[in-house]
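Just below is one structure, and these are the notes that go with it.
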Amino acid sequence: MSDKKLPPKMTPKEKMATPRQPMREQEPLVRARNFQEVPFGYDEEQAIVEASRCLACGKPKCMEGCPVGNDIPRFLSHIAEGDFAAAARTMKETNLLPAICGRVCPQESQCENMCIIGKKGEPIAIGRLERFIGDWERESGATEVPECAAPTGRAVAIIGSGPAGLACAAELARAGHRVVVYEALQKPGGVLRYGIPEFRLPKAIVDAEIELVEKMGVEIRCNEIIGMTDTIDELLDEEGFDAVFVATGAGLPWFLGIPGENALGVYSANEFLTRINLMGAYRFPEYDTPIQKLKVAATIGGGNVAMDAARTALRVGAERSLIIYRRSREELPAREEEIHHAEQEGVEFHFLTNPLELLADEKTGWLRALKCQRMELGEPDASGRRRPIPVEGSEYEIPLNTAIIAIGNAPNPLIPRTTPDLEVTKRGQVTIDQETMRTSKRGVFAGGDIVRGAATVILAMGDGRRAAAHINEFLANGEW
Amino acid sequence: MPRILKIEVLAPKVRRYVVEAPKIARKRKAGQFVLVCATPTGERIPLTISNADPEAGTINLIVQEVGKTTIEMAALKEGDELTDVVGPLGQPTHIAKVGRVVCVGGGIGIAPLFPIIDAMKQAGNDVTVVLGARNEELLILEDEVRALGVELVICTDDGSKGRKGFVTDVLKEMIAQGPPINEVVTIGPAIMMKFVCEVTRPHAISTLVSLNPIMVDGTGMCGGCRVQVGNEAKFACVDGPEFDGHLVDFDLLMRRQQMYKQQEREALERYEADHTCHLEGV
Ligand SMILES: Cc1cc2nc3c(=O)[nH]c(=O)nc-3n(C[C@H](O)[C@H](O)[C@H](O)COP(=O)(O)OP(=O)(O)OC[C@H]3O[C@@H](n4cnc5c(N)ncnc54)[C@H](O)[C@@H]3O)c2cc1C
Ligand SMILES: Cc1cc2nc3c(=O)[nH]c(=O)nc-3n(C[C@H](O)[C@H](O)[C@H](O)COP(=O)(O)OP(=O)(O)OC[C@H]3O[C@@H](n4cnc5c(N)ncnc54)[C@H](O)[C@@H]3O)c2cc1C
Ligand code: SF4
Ligand code: SF4
Ligand code: FES
């Protein structure tokens, strides 16, 4: 790859002096009204400069921060040399979905948080470079379909096509097994498809990654709900599968349990985002699934899901989009980048505000206001966060017509309900042996959010890969 | 993609579709439904499996034209394919031998009631069926129900068929005259189910209703289908669609069914405008 203009090799001092390369973004007030992706990504030159800042540490701290142990220094050195194909290959040894993880990983608390340069200056933009490589590979048509071993004659069923299921499917196909992925919804991808919005993760990228998995011979069957269309027992006993991987995610939305939650105009974040992302409601009436006309929308919660919902609300036409959060800005669990983007786009944050009741118009049943109470921070609780306590007599009403409840999800109970010998915790998570990812049921493995509760894309993907290794072992020796 | 093998017009704006869906045909039980998407950009709508033939691998759907999606379905022909059909969904009806069962169906609700009548009868119950419709023309499945060998009472709002009056009038008389009723199952418009429940409540007759809130995914993932049952919010797609009618907040259900009225009207108007254009062009 000598056709690229490489900058002269930098000395460590020069490296430290070179600033982190910025990434261009759509203007906040423009993007707040469209669904196109917010950042534009690095160009080749920026990528090479950014990667060249890496000190190639002997004991790279960054790798400790990556849940799947990506070989970051080797990856960065290939980019610095302008050998993007080699960088892509390196990344894919451990991370099949760089274009996705580069966009949605909480790098600032993982790899980049540990990067040694971050101690004095700004850490290497590992996520942005990962995104760059993923995009480069896809756009330049250089994507290589991983080679698959000769057919083994064994078959594995995967339930759920989110990152855990897709990663597991790819690994098992590589090992030569027949793999069928079952997906309840009409399109594969899990949260990548129905949850994370287009402006943060373009669906064309998700499509491309899924296409690759299909090219490896994996069959994806949408519109089949395991537990209803088929049970796990039937997959094992009648459909001829030798093992099953349960990757059904944490798709059961929590509600607040306050009065008025069934009023017209109150959505779970899942419903709000699904209608828009998966069912195309933002293109109503071209697509048939509707979303109501938003005026003032309040999203309750402070995580990534809440940021996505509040930013989406603006894009489907809300005049004002509010976030209601019980604690203060410091405690917001969402990624800093998402909070920052939301603020720039004009989302209004109401901190230390506790929702008490959703008030509906008595005649029409439509939501008209949110009754709240102010909070102040008290002593730290068990988690070390200062506990919010209500301020007496501080109740007030916020007029609005839409409320989006984004306080988290529980594991989907459908599989446990229809698989009596599958052990689950009190909170509904499937119990596994941490070492082997085996469930209480012979031949059945599990990973991702159904095991962890709501976690992250990279953790789910890592689970899928680890499970594949253990499934391979089980298929080879038949021991349980 | 699931092919439509046969279409029959049962009443004005009501059609029966026989759809190829072998797995669902084998699996489904009375009370369960499917989500159907008719076109690639269409909405997924819930429809009860009114009957199935496991050998032929087909399910029957009986659909009333009420808006864009159902009208679009009505334009399909035998041999056409639906974009997707998912199921079976929902909890099957709890069928047991309880003694005397009265099944009360109204309008299109007679379609989902049919498999329950059949199953209740097969379980050895003494089954009486009350079917109501606005007029004779709109009454569906009369012959099929009769063929199950159950006692059948028909009433229409205008008296054009059977008795003139509401299903609730018939039910009241049955309760007054005896023999005692052990269970009532009712499916129809929410307002009808609400009044049936008001009739049975004073007599403490266990009353099962099937609710039809707006649904999105049908897997418990969105909560859009939530209904208030006693003190709890339940997701009709996974916890239901059948519930103890005496605990259901019907007024809330009726309100939530209306949530997208404005958009539904808009979608329909556009659809109709498009279609008249096409016709004019011919
Ligand atoms: C709005 C939102 C934003 C997020 N943002 C981020 C982010 O920025 N960064 C990050 O790292 N993480 C983020 N997350 C979390 C992350 O998406 C999840 O941790 C991850 O997707 C979990 O992967 P999974 O494969 O376990 O499950 P999922 O992605 O949930 O996929 C599970 C799939 O299984 C299917 N399924 C369920 N039950 C059945 C069944 N019975 N039969 C067949 N199929 C079934 C579901 O339809 C679904 O498609 C976000 C989550 C949400 C909701
Ligand atoms: C469990 C269940 C079983 C059903 N079984 C049958 C059946 O066997 N036969 C039949 O004709 N109808 C049945 N319905 C109702 C059917 O789903 C609606 O008539 C259909 O969705 C209307 O769509 P539309 O686009 O034609 O009309 P629209 O103009 O979109 O809506 C008309 C009315 O239908 C209801 N509706 C709209 N969208 C949905 C949706 N996604 N989910 C549920 N209701 C909606 C609303 O109350 C709305 O006011 C059932 C509904 C449920 C929940
Ligand atoms: S996968 Fe995530 S944590 Fe790992 S290196 Fe990439 S961005 Fe960092
Ligand atoms: S810690 Fe930072 S400087 Fe060191 S190898 Fe990792 S990315 Fe490079
Ligand atoms: S339709 Fe989404 S939870 Fe029932």
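Labels for the structure tokens follow display order: chains A, B, ..., residues from 1 in each chain, ligands from 1.
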
Within 8 Å of chain B, which residues of chain A are there when counting only C-alpha atoms? Please give them as JSON, numbers by chain.
-> {"A": [184, 185, 186, 223, 224, 225, 228, 229, 251, 252, 253, 262, 263, 264, 265, 267, 268, 269, 270, 271, 274, 275, 279, 285, 286, 287, 288, 289, 290, 291, 292, 364, 365, 412, 414]}

Please produce an output containing C-alpha atoms for each residue in the selection, written as a compact mmCIF listing (two decimals), in the first residue's frame.
```txt
# COMPACT_ATOMS: atom_id res chain seq x y z
CA ALA A 184 -39.03 -13.03 15.78
CA LEU A 185 -39.15 -9.70 13.97
CA GLN A 186 -39.37 -9.19 10.24
CA ASN A 223 -40.77 -14.13 11.51
CA GLU A 224 -40.21 -17.26 13.58
CA ILE A 225 -40.70 -16.93 17.28
CA MET A 228 -44.35 -20.14 19.79
CA THR A 229 -43.60 -21.29 16.23
CA GLY A 251 -36.53 -6.84 25.18
CA LEU A 252 -39.16 -6.44 27.89
CA PRO A 253 -39.71 -2.77 28.66
CA ASN A 262 -51.66 4.01 30.01
CA ALA A 263 -52.76 7.42 28.77
CA LEU A 264 -52.72 8.07 25.04
CA GLY A 265 -49.35 9.48 24.07
CA TYR A 267 -44.77 5.06 24.83
CA SER A 268 -42.08 2.69 26.00
CA ALA A 269 -38.78 3.63 24.35
CA ASN A 270 -38.90 0.24 22.65
CA GLU A 271 -42.25 0.97 21.06
CA THR A 274 -39.38 0.27 16.93
CA ARG A 275 -42.19 2.10 15.24
CA MET A 279 -41.42 -0.13 10.93
CA PRO A 285 -47.44 7.58 5.08
CA GLU A 286 -45.04 5.88 2.67
CA TYR A 287 -44.76 3.21 5.33
CA ASP A 288 -48.04 2.32 7.01
CA THR A 289 -47.00 2.21 10.66
CA PRO A 290 -47.91 5.54 12.26
CA ILE A 291 -46.45 7.60 15.07
CA GLN A 292 -48.50 10.32 16.70
CA THR A 364 -60.06 12.55 25.41
CA GLY A 365 -57.66 10.41 27.41
CA ASN A 412 -37.66 -11.36 27.31
CA LEU A 414 -40.83 -16.02 26.16
```

Surrounding residues as a PyMOL selection string, ligand 4, max 6 Å, only C-alpha atoms and all ligand atoms | chain A and resi 54-57+60-62+73+115-117+124

Within 8 Å of ligand 3, counting only C-alpha atoms and all ligand atoms, residues as number ranges by chain | A: 62-63, 65-72, 95, 98, 101-107, 110-112, 126-128, 130, 458

Could you please write out, as a PyMOL selection string, every residue of segment 86-198 of chain B that DSSP assigns to helix (DSSP H, G or I)?
-> chain B and resi 107-122+136-138+142-147+167-177+190-198

Could you give me, as number ranges by chain, every polymer residue with an atom at most 7 Å away from an atom of ligand 1, counting only C-alpha atoms and all ligand atoms?
-> A: 104-106, 159-165, 182-185, 188-192, 195-196, 224-227, 247-251, 270, 304-305, 308, 412, 414-415, 447-450, 454-458, 460-461

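Taking atom CA of Val101 of chain B and atom CA of Asp169 of chain B as the two end points, the separation is 16.9 Å.
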